[in-house]
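Just target-v2.txt here, compact mmCIF, C-alpha atoms:
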# COMPACT_ATOMS: atom_id res chain seq x y z
CA MET R 249 -85.47 102.27 22.72
CA LYS R 250 -83.86 99.05 21.48
CA ARG R 251 -80.19 98.24 21.45
CA THR R 252 -78.69 96.51 18.48
CA ASP R 253 -78.07 93.40 20.61
CA GLY R 254 -81.80 93.11 21.25
CA MET R 255 -81.81 94.27 24.88
CA ASN R 256 -84.45 96.83 25.78
CA LEU R 257 -83.40 100.13 27.35
CA SER R 258 -85.58 101.98 29.84
CA HIS R 259 -83.64 105.22 29.37
CA ARG R 260 -82.02 107.36 26.73
CA GLU R 261 -78.45 108.62 26.75
CA LEU R 262 -77.36 111.98 25.39
CA SER R 263 -73.76 113.07 24.90
CA VAL R 264 -72.84 116.69 25.52
CA LYS R 265 -69.37 118.15 24.97
CA GLY R 266 -68.23 121.21 26.85
CA ASN R 267 -65.47 123.48 25.51
CA GLY R 268 -63.31 120.68 24.20
CA LYS R 269 -63.58 118.61 27.37
CA ARG R 270 -64.67 114.99 27.54
CA ALA R 271 -68.28 114.13 26.77
CA ILE R 272 -70.78 113.86 29.59
CA ARG R 273 -73.36 111.08 29.34
CA LEU R 274 -76.83 112.03 30.49
CA ARG R 275 -79.71 109.68 31.14
CA THR R 276 -83.09 111.15 30.27
CA ASN R 277 -85.34 108.29 31.53
CA ASN R 278 -87.68 108.35 28.56
CA LEU R 279 -88.51 112.04 29.01
CA PRO R 280 -90.78 113.55 26.38
CA GLU R 281 -88.93 115.06 23.41
CA HIS R 282 -89.76 118.69 24.37
CA LEU R 283 -88.35 118.19 27.88
CA ILE R 284 -85.21 116.60 26.47
CA SER R 285 -84.78 119.63 24.21
CA TRP R 286 -85.10 122.02 27.14
CA GLN R 287 -82.66 119.94 29.16
CA MET R 288 -80.13 120.16 26.34
CA VAL R 289 -80.63 123.94 26.06
CA ASN R 290 -80.04 124.37 29.81
CA ILE R 291 -76.89 122.25 29.69
CA ARG R 292 -75.48 124.23 26.77
CA LEU R 293 -76.25 127.52 28.54
CA LYS R 294 -74.42 126.30 31.64
CA PHE R 295 -71.35 125.41 29.60
CA LYS R 296 -71.49 128.79 27.85
CA LEU R 297 -71.74 130.62 31.18
CA LEU R 298 -68.79 128.65 32.52
CA PHE R 299 -66.75 129.62 29.45
CA ILE R 300 -67.72 133.30 29.80
CA LYS R 301 -66.88 133.24 33.50
CA LYS R 302 -63.45 131.78 32.73
CA ALA R 303 -62.83 134.42 30.03
CA MET R 304 -63.83 137.18 32.45
CA ALA R 305 -61.40 135.79 35.03
CA GLU R 306 -58.53 136.11 32.55
CA LYS R 307 -56.72 139.44 32.54
CA VAL R 308 -54.34 140.18 29.70
CA PHE R 309 -51.61 142.82 30.04
CA ILE R 310 -50.59 144.39 26.72
CA VAL R 311 -47.16 145.82 25.93
CA GLY R 312 -47.09 147.23 22.40
CA GLY R 313 -50.81 147.68 21.86
CA THR R 314 -50.98 150.75 19.60
CA GLY R 315 -49.30 149.67 16.35
CA HIS R 316 -50.52 147.77 13.27
CA ILE R 317 -50.49 144.45 15.17
CA GLY R 318 -51.02 145.39 18.81
CA GLU R 319 -54.16 147.45 18.29
CA LEU R 320 -55.78 144.51 16.49
CA VAL R 321 -54.87 142.16 19.36
CA VAL R 322 -56.57 144.55 21.80
CA LYS R 323 -59.64 144.79 19.59
CA TYR R 324 -59.99 141.01 19.22
CA LEU R 325 -59.68 140.47 22.97
CA LEU R 326 -62.12 143.22 23.91
CA ASP R 327 -64.63 141.91 21.37
CA LYS R 328 -64.48 138.56 23.20
CA GLY R 329 -65.08 140.18 26.57
CA VAL R 330 -61.52 139.66 27.85
CA SER R 331 -60.26 142.14 30.44
CA VAL R 332 -57.35 144.09 28.95
CA THR R 333 -54.78 146.50 30.40
CA LEU R 334 -52.51 148.54 28.11
CA TYR R 335 -49.06 149.75 29.07
CA THR R 336 -48.43 153.02 27.23
CA ARG R 337 -46.58 156.31 27.22
CA SER R 338 -49.62 158.08 25.78
CA PRO R 339 -52.75 157.37 27.87
CA ALA R 340 -54.87 159.98 26.06
CA LYS R 341 -54.48 158.20 22.72
CA VAL R 342 -55.36 154.81 24.21
CA GLU R 343 -58.32 156.15 26.18
CA GLN R 344 -59.78 157.53 22.97
CA GLN R 345 -59.13 154.37 20.99
CA PHE R 346 -60.07 151.80 23.65
CA PRO R 347 -62.25 153.47 26.31
CA GLN R 348 -63.18 150.10 27.84
CA ALA R 349 -59.56 149.07 28.49
CA ALA R 350 -57.58 149.75 31.66
CA ILE R 351 -54.39 151.80 31.26
CA VAL R 352 -51.01 151.85 32.98
CA GLN R 353 -48.79 154.78 32.02
CA GLY R 354 -45.10 154.04 31.73
CA ASP R 355 -42.09 153.42 29.49
CA TYR R 356 -39.17 151.02 29.11
CA ASP R 357 -36.71 153.15 31.11
CA ASP R 358 -38.62 152.75 34.36
CA LEU R 359 -40.63 149.53 34.63
CA SER R 360 -41.93 150.15 38.15
CA PRO R 361 -45.40 151.17 36.85
CA LEU R 362 -45.51 147.92 34.87
CA GLU R 363 -44.37 145.90 37.88
CA GLU R 364 -47.20 147.33 39.96
CA GLY R 365 -49.86 147.34 37.23
CA ILE R 366 -49.33 143.79 35.97
CA THR R 367 -50.16 142.20 39.32
CA GLY R 368 -53.35 140.18 39.04
CA HIS R 369 -52.99 139.55 35.30
CA THR R 370 -52.79 136.00 34.00
CA ARG R 371 -51.26 136.60 30.57
CA LEU R 372 -49.02 139.06 28.73
CA PHE R 373 -48.90 140.09 25.08
CA LEU R 374 -45.44 141.42 24.28
CA LEU R 375 -44.37 143.42 21.22
CA VAL R 376 -41.29 145.63 21.40
CA ALA R 377 -40.13 147.64 18.37
CA ASP R 378 -36.84 148.90 19.87
CA LEU R 379 -34.44 146.53 18.10
CA GLN R 380 -31.34 148.06 19.66
CA ASN R 381 -32.46 147.34 23.23
CA MET R 382 -34.99 144.57 22.62
CA PRO R 383 -33.26 141.68 24.48
CA ARG R 384 -32.78 143.79 27.61
CA ILE R 385 -36.32 145.18 27.52
CA LYS R 386 -38.08 141.89 26.86
CA GLY R 387 -35.99 140.05 29.43
CA ALA R 388 -36.72 142.64 32.12
CA ILE R 389 -40.45 142.72 31.36
CA ALA R 390 -40.69 138.92 31.33
CA LYS R 391 -38.91 138.65 34.67
CA LYS R 392 -41.31 141.10 36.32
CA ALA R 393 -44.35 139.53 34.64
CA TYR R 394 -43.60 135.98 35.74
CA ALA R 395 -42.73 137.17 39.26
CA ALA R 396 -46.13 138.89 39.43
CA GLY R 397 -47.94 135.65 38.59
CA VAL R 398 -48.33 135.87 34.80
CA GLN R 399 -48.74 132.31 33.52
CA GLN R 400 -48.26 132.88 29.79
CA ILE R 401 -46.35 135.33 27.59
CA VAL R 402 -47.21 135.59 23.89
CA ASP R 403 -44.37 137.41 22.14
CA VAL R 404 -44.01 138.72 18.59
CA SER R 405 -40.57 137.48 17.55
CA SER R 406 -39.35 136.90 13.97
CA LEU R 407 -38.80 134.09 11.51
CA ALA R 408 -35.25 135.48 11.22
CA VAL R 409 -34.51 133.62 14.47
CA THR R 410 -34.26 130.45 12.36
CA LEU R 411 -31.46 131.86 10.18
CA ASP R 412 -27.81 131.01 10.81
CA TRP R 413 -26.41 132.24 14.13
CA ARG R 414 -25.50 135.95 14.01
CA SER R 415 -25.97 136.03 10.23
CA THR R 416 -28.46 138.89 10.52
CA PHE R 417 -28.96 141.76 12.95
CA LEU R 418 -32.72 141.14 13.11
CA GLY R 419 -32.37 137.41 13.68
CA ASN R 420 -29.72 137.81 16.36
CA THR R 421 -31.73 140.47 18.20
CA HIS R 422 -34.86 138.33 18.30
CA ARG R 423 -32.90 135.19 19.23
CA LEU R 424 -31.29 136.96 22.18
CA SER R 425 -34.74 138.24 23.17
CA GLU R 426 -36.25 134.75 23.10
CA GLU R 427 -33.34 133.40 25.12
CA ALA R 428 -33.72 136.20 27.68
CA ILE R 429 -37.35 135.22 28.29
CA LEU R 430 -36.71 131.47 28.30
CA SER R 431 -33.92 131.87 30.86
CA VAL R 432 -36.13 133.49 33.53
CA PRO R 433 -36.12 131.15 36.57
CA ASN R 434 -39.42 129.55 37.64
CA ARG R 435 -41.19 131.09 34.67
CA GLY R 436 -44.59 130.38 33.18
CA THR R 437 -45.06 129.37 29.55
CA TYR R 438 -43.68 131.31 26.59
CA VAL R 439 -45.19 131.31 23.08
CA ALA R 440 -43.10 132.91 20.33
CA LEU R 441 -44.84 134.04 17.15
CA ARG R 442 -42.29 134.13 14.32
CA PRO R 443 -43.62 136.15 11.37
CA THR R 444 -41.82 136.61 8.06
CA MET R 445 -41.93 139.95 6.16
CA PHE R 446 -44.92 142.10 7.09
CA LEU R 447 -47.40 142.95 4.36
CA THR R 448 -47.60 146.37 6.02
CA ASN R 449 -44.11 147.03 4.61
CA HIS R 450 -45.94 147.84 1.38
CA LEU R 451 -47.29 150.98 3.02
CA TRP R 452 -43.86 152.61 2.97
CA MET R 453 -43.06 151.17 -0.44
CA MET R 454 -46.02 153.04 -1.89
CA GLN R 455 -44.22 156.36 -2.22
CA SER R 456 -42.56 155.27 -5.47
CA VAL R 457 -45.73 153.55 -6.62
CA LYS R 458 -47.76 156.73 -6.21
CA GLU R 459 -45.12 158.92 -7.83
CA SER R 460 -44.15 156.72 -10.79
CA ASN R 461 -46.63 153.81 -10.89
CA THR R 462 -43.63 151.54 -10.39
CA LEU R 463 -42.78 149.00 -7.69
CA HIS R 464 -39.02 148.72 -7.12
CA HIS R 465 -37.34 145.66 -5.61
CA THR R 466 -34.15 143.60 -5.92
CA VAL R 467 -35.48 140.15 -6.92
CA ASP R 468 -36.55 138.75 -10.28
CA ALA R 469 -40.14 139.43 -11.31
CA ASP R 470 -41.08 135.74 -11.04
CA GLU R 471 -39.32 135.01 -7.72
CA PRO R 472 -41.80 134.18 -4.92
CA GLU R 473 -41.39 135.79 -1.51
CA GLY R 474 -43.07 134.99 1.78
CA TRP R 475 -45.31 137.53 3.50
CA ILE R 476 -47.62 137.69 6.50
CA SER R 477 -50.62 139.88 7.28
CA ASN R 478 -50.72 141.92 10.49
CA ASN R 479 -54.28 140.68 10.81
CA ASP R 480 -53.09 137.04 10.93
CA ILE R 481 -50.40 137.80 13.52
CA ALA R 482 -52.83 139.65 15.76
CA GLU R 483 -55.58 137.06 15.46
CA LEU R 484 -53.25 134.18 16.29
CA ALA R 485 -51.95 136.09 19.31
CA ALA R 486 -55.51 136.69 20.51
CA ILE R 487 -56.43 133.03 19.98
CA VAL R 488 -53.45 131.78 21.99
CA LEU R 489 -54.17 134.31 24.75
CA GLN R 490 -57.67 132.85 25.15
CA GLU R 491 -57.07 129.13 24.71
CA PRO R 492 -55.88 126.85 27.54
CA ILE R 493 -52.33 127.73 28.51
CA GLU R 494 -51.23 124.10 28.57
CA LYS R 495 -52.38 123.63 24.94
CA HIS R 496 -49.62 125.86 23.56
CA GLY R 497 -46.97 125.49 26.26
CA ASP R 498 -43.62 126.83 25.01
CA ALA R 499 -44.61 126.75 21.34
CA ALA R 500 -42.83 128.66 18.57
CA TYR R 501 -45.12 129.27 15.60
CA GLU R 502 -43.62 130.18 12.22
CA MET R 503 -45.86 132.56 10.29
CA THR R 504 -45.65 132.79 6.50
CA GLY R 505 -49.17 133.39 5.25
CA CYS R 506 -48.73 133.83 1.50
CA ALA R 507 -46.08 133.61 -1.20
CA VAL R 508 -46.25 136.04 -4.13
CA THR R 509 -43.89 137.26 -6.84
CA PRO R 510 -43.29 140.93 -7.71
CA ALA R 511 -45.19 140.35 -10.97
CA GLN R 512 -48.20 139.08 -9.01
CA ARG R 513 -47.97 141.97 -6.57
CA VAL R 514 -48.09 144.67 -9.28
CA ALA R 515 -51.01 142.88 -10.94
CA VAL R 516 -52.98 143.00 -7.67
CA LEU R 517 -52.01 146.62 -7.04
CA SER R 518 -53.00 147.61 -10.59
CA LYS R 519 -56.41 146.03 -10.14
CA ALA R 520 -56.95 147.68 -6.78
CA THR R 521 -55.88 151.17 -7.85
CA GLY R 522 -57.13 151.17 -11.43
CA ARG R 523 -53.67 152.23 -12.59
CA ASP R 524 -51.09 150.40 -14.69
CA ILE R 525 -48.38 149.64 -12.12
CA THR R 526 -45.18 148.01 -13.35
CA TYR R 527 -42.21 146.33 -11.70
CA THR R 528 -38.59 147.41 -12.00
CA LYS R 529 -35.71 145.40 -10.58
CA ILE R 530 -33.08 147.55 -8.86
CA THR R 531 -29.63 146.84 -7.49
CA LEU R 532 -28.89 146.09 -3.84
CA LYS R 533 -26.99 149.39 -3.63
CA GLU R 534 -30.00 151.34 -4.91
CA LYS R 535 -32.28 149.70 -2.37
CA TYR R 536 -29.76 150.33 0.43
CA GLU R 537 -29.63 154.04 -0.44
CA PHE R 538 -33.43 154.22 -0.51
CA LEU R 539 -33.71 152.54 2.91
CA THR R 540 -31.05 154.67 4.57
CA LYS R 541 -31.53 158.05 2.89
CA THR R 542 -35.26 158.12 2.20
CA MET R 543 -36.60 155.86 4.96
CA HIS R 544 -33.81 156.74 7.44
CA ILE R 545 -33.42 153.10 8.45
CA PRO R 546 -30.19 152.38 10.42
CA HIS R 547 -27.33 150.69 8.57
CA ARG R 548 -27.52 147.22 10.17
CA MET R 549 -31.26 146.93 9.63
CA ALA R 550 -30.95 148.21 6.05
CA ILE R 551 -28.30 145.58 5.28
CA ASP R 552 -30.67 142.90 6.63
CA LEU R 553 -33.58 144.09 4.51
CA LEU R 554 -31.59 143.72 1.27
CA THR R 555 -31.79 139.92 1.26
CA LEU R 556 -33.62 138.92 4.47
CA PHE R 557 -35.78 135.77 4.08
CA LYS R 558 -34.55 135.25 0.50
CA GLY R 559 -35.62 131.77 -0.58
CA MET R 560 -37.96 131.35 2.42
CA SER R 561 -41.31 131.44 0.65
CA THR R 562 -43.05 128.28 1.87
CA VAL R 563 -46.42 129.02 3.48
CA SER R 564 -46.45 127.76 7.09
CA PRO R 565 -48.51 124.54 6.98
CA ALA R 566 -49.85 124.80 10.55
CA LEU R 567 -51.09 128.35 10.18
CA GLU R 568 -54.47 127.41 8.73
CA ILE R 569 -55.04 125.01 11.65
CA LEU R 570 -54.04 127.57 14.26
CA LEU R 571 -56.20 130.33 12.80
CA GLY R 572 -59.15 128.11 11.94
CA ARG R 573 -59.15 129.61 8.43
CA GLU R 574 -56.82 130.17 5.51
CA PRO R 575 -54.19 132.89 6.07
CA GLU R 576 -54.90 136.24 4.45
CA SER R 577 -53.73 136.50 0.85
CA PHE R 578 -51.92 139.49 -0.64
CA GLU R 579 -55.01 140.33 -2.67
CA GLN R 580 -57.24 140.26 0.43
CA TRP R 581 -54.80 142.43 2.36
CA VAL R 582 -54.59 145.02 -0.44
CA GLU R 583 -58.37 145.11 -0.73
CA ARG R 584 -58.66 145.71 3.02
CA ASN R 585 -56.11 148.56 2.80
CA LYS R 586 -57.08 149.90 -0.63
CA SER R 587 -57.34 153.51 0.56
CA ALA R 588 -53.60 153.58 1.32
CA PHE R 589 -52.74 152.85 -2.32
CA GLN R 590 -54.98 155.39 -4.02
Translate the structure described by the file into structure tokens.
Amino acid sequence: MKRTDGMNLSHRELSVKGNGKRAIRLRTNNLPEHLISWQMVNIRLKFKLLFIKKAMAEKVFIVGGTGHIGELVVKYLLDKGVSVTLYTRSPAKVEQQFPQAAIVQGDYDDLSPLEEGITGHTRLFLLVADLQNMPRIKGAIAKKAYAAGVQQIVDVSSLAVTLDWRSTFLGNTHRLSEEAILSVPNRGTYVALRPTMFLTNHLWMMQSVKESNTLHHTVDADEPEGWISNNDIAELAAIVLQEPIEKHGDAAYEMTGCAVTPAQRVAVLSKATGRDITYTKITLKEKYEFLTKTMHIPHRMAIDLLTLFKGMSTVSPALEILLGREPESFEQWVERNKSAFQ
């Protein structure tokens, strides 16, 4: 080989990168091309085995692994060969759904099974749906997890945390929950995922759509609203739970994946169902009565849902980078869940 400065080289140099680490320079001493190729293959296999070994050493404890988001997190991790343990009240359901996962039976009233079962795990995925007791539950779980040696907690919080202090029940509950985790002494890292309105909310909106081919809501037909797919939330959680802990540190990731208007939503739903679905704007009082009387949602949460996230429709710019792809659109989400709208 010749260098550009005219000096002869008696060797070749190859650069190999391993899992995002710095490049390693290898001298091949004018080996024949086929031997160089085999050397490169062996090096890449070694790096791959090291990565697999590291993934196998990770153990992720899952709290909230049976809902729309949690079950996808479990699936993503298991597909990557990560060791997973689910904390659940219903072991039979989990055993049937995820036979390859370990199970710890328990609830939020007595966390002693969690305290014993989480020992030896390196990370924790945390999703709690009990809004009334969420700060207490998350704080208690985080304290036991960090004390047991967990190095990272990935928690599903809410974009409502960013709203004015105590202006919403949902925002205040999630803010107190984040603060409870952050205040644990000598803790590991804490990553908060802050999603906006779930696209899965459309599943309970579909009652009126099926009965009257009408979507009811309180905003103007051309007013954009921010939404996020459960698939995006789960995939980002799984990514963070596998990447180097120091990369994400105490990050808080806002998650608005798409912005669509009611007019755009009914157009997508019409195309997916083959029916002519229209949009009707209703009053805040009408929506409140639907939420409380039909959906049996508690008063404080129903009040929040009347105007929560109004005006917050900007797609999170970092989301595409974090996911390694564009966030899921409303049309993609509907297509994936088409059977629910028939």
Using only C-alpha atoms, what does the table of range 375-451 of chain R residues within 12 Å of range 536-554 of chain R look like, with each row giving the shortest atom pair and its distance in Å to one decimal, sorted by chain and ascending number, as JSON lines?
{"residue": "R:Asp378", "atom": "CA", "partner": "R:Met549", "partner_atom": "CA", "distance": 11.8}
{"residue": "R:Leu379", "atom": "CA", "partner": "R:Met549", "partner_atom": "CA", "distance": 9.1}
{"residue": "R:Gln380", "atom": "CA", "partner": "R:Met549", "partner_atom": "CA", "distance": 10.1}
{"residue": "R:Ala408", "atom": "CA", "partner": "R:Asp552", "partner_atom": "CA", "distance": 9.9}
{"residue": "R:Leu411", "atom": "CA", "partner": "R:Asp552", "partner_atom": "CA", "distance": 11.6}
{"residue": "R:Arg414", "atom": "CA", "partner": "R:Asp552", "partner_atom": "CA", "distance": 11.4}
{"residue": "R:Ser415", "atom": "CA", "partner": "R:Asp552", "partner_atom": "CA", "distance": 9.1}
{"residue": "R:Thr416", "atom": "CA", "partner": "R:Asp552", "partner_atom": "CA", "distance": 6.0}
{"residue": "R:Phe417", "atom": "CA", "partner": "R:Arg548", "partner_atom": "CA", "distance": 6.3}
{"residue": "R:Leu418", "atom": "CA", "partner": "R:Met549", "partner_atom": "CA", "distance": 6.9}
{"residue": "R:Gly419", "atom": "CA", "partner": "R:Asp552", "partner_atom": "CA", "distance": 9.1}
{"residue": "R:Asn420", "atom": "CA", "partner": "R:Asp552", "partner_atom": "CA", "distance": 11.0}
{"residue": "R:Thr421", "atom": "CA", "partner": "R:Met549", "partner_atom": "CA", "distance": 10.7}
{"residue": "R:Thr444", "atom": "CA", "partner": "R:Leu553", "partner_atom": "CA", "distance": 11.7}
{"residue": "R:Met445", "atom": "CA", "partner": "R:Leu553", "partner_atom": "CA", "distance": 9.5}
{"residue": "R:Phe446", "atom": "CA", "partner": "R:Leu553", "partner_atom": "CA", "distance": 11.8}
{"residue": "R:Asn449", "atom": "CA", "partner": "R:Leu553", "partner_atom": "CA", "distance": 10.9}
{"residue": "R:Leu451", "atom": "CA", "partner": "R:Met543", "partner_atom": "CA", "distance": 11.9}
Hey, could you make a per-residue contact list for range 524-570 of chain R against range 452-469 of chain R with 6 Å as the cut-off, showing the nearest pair of atoms and its distance in Å to one decimal, counting all atoms listed in the file, sorted by chain and number, as a Markdown table?
| residue | atom | partner | partner_atom | distance |
| --- | --- | --- | --- | --- |
| R:Ile525 | CA | R:Asn461 | CA | 4.7 |
| R:Thr526 | CA | R:Thr462 | CA | 4.9 |
| R:Tyr527 | CA | R:Leu463 | CA | 4.9 |
| R:Thr528 | CA | R:His464 | CA | 5.1 |
| R:Lys529 | CA | R:Thr466 | CA | 5.2 |
| R:Ile530 | CA | R:Thr466 | CA | 5.0 |
| R:Thr531 | CA | R:Thr466 | CA | 5.8 |
* Long-range neighbours of Pro361 in chain R as number ranges by chain, 8 Å cut-off, all atoms listed in the file, 6 positions minimum in chain -> R: 352-354
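If you measure from each of R:Ala507, R:Ile401, R:Ile389, R:Leu556 to Gln490 in chain R using all atoms listed in the file, the closest one turns out to be R:Ile401.
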* Find the residues near Leu489 in chain R: any atom within 10 Å, counting all atoms listed in the file, skip ones fewer than 4 places away on the same chain, and give them as a PyMOL selection string. => chain R and resi 306-308+321+325+330+370-373+400-402+439+483-485+493+496
* Which residues, written as a list in words, have at least one atom at most 8 Å from range 497-503 of chain R, with only C-alpha atoms counted and residues fewer than 4 positions away on the same chain left out? ->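 Here the answer would be Leu407, Thr437, Tyr438, Val439, Ala440, Leu441, Arg442, Pro443, Thr444, Ile476, Ile481, Ile493, Val563, Ser564 and Leu567 of chain R.
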* Asked: What is the distance between CA of Ser360 in chain R and CA of Gly315 in chain R, in Å to one decimal?
  -> 23.0 Å
Please determine an axis-aligned box that encloses all atoms of range 306-316 of chain R listed in the file, with 8 Å added on each side, and express its centre and edge lengths in Å to one decimal as JSON.
{"center_x": -52.8, "center_y": 143.4, "center_z": 22.9, "size_x": 27.4, "size_y": 30.6, "size_z": 35.3}
* Asked: Interatomic distance between CA of Pro347 in chain R and CA of Ser331 in chain R?
  ->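 Separation of CA of Pro347 in chain R and CA of Ser331 in chain R: 12.2 Å.
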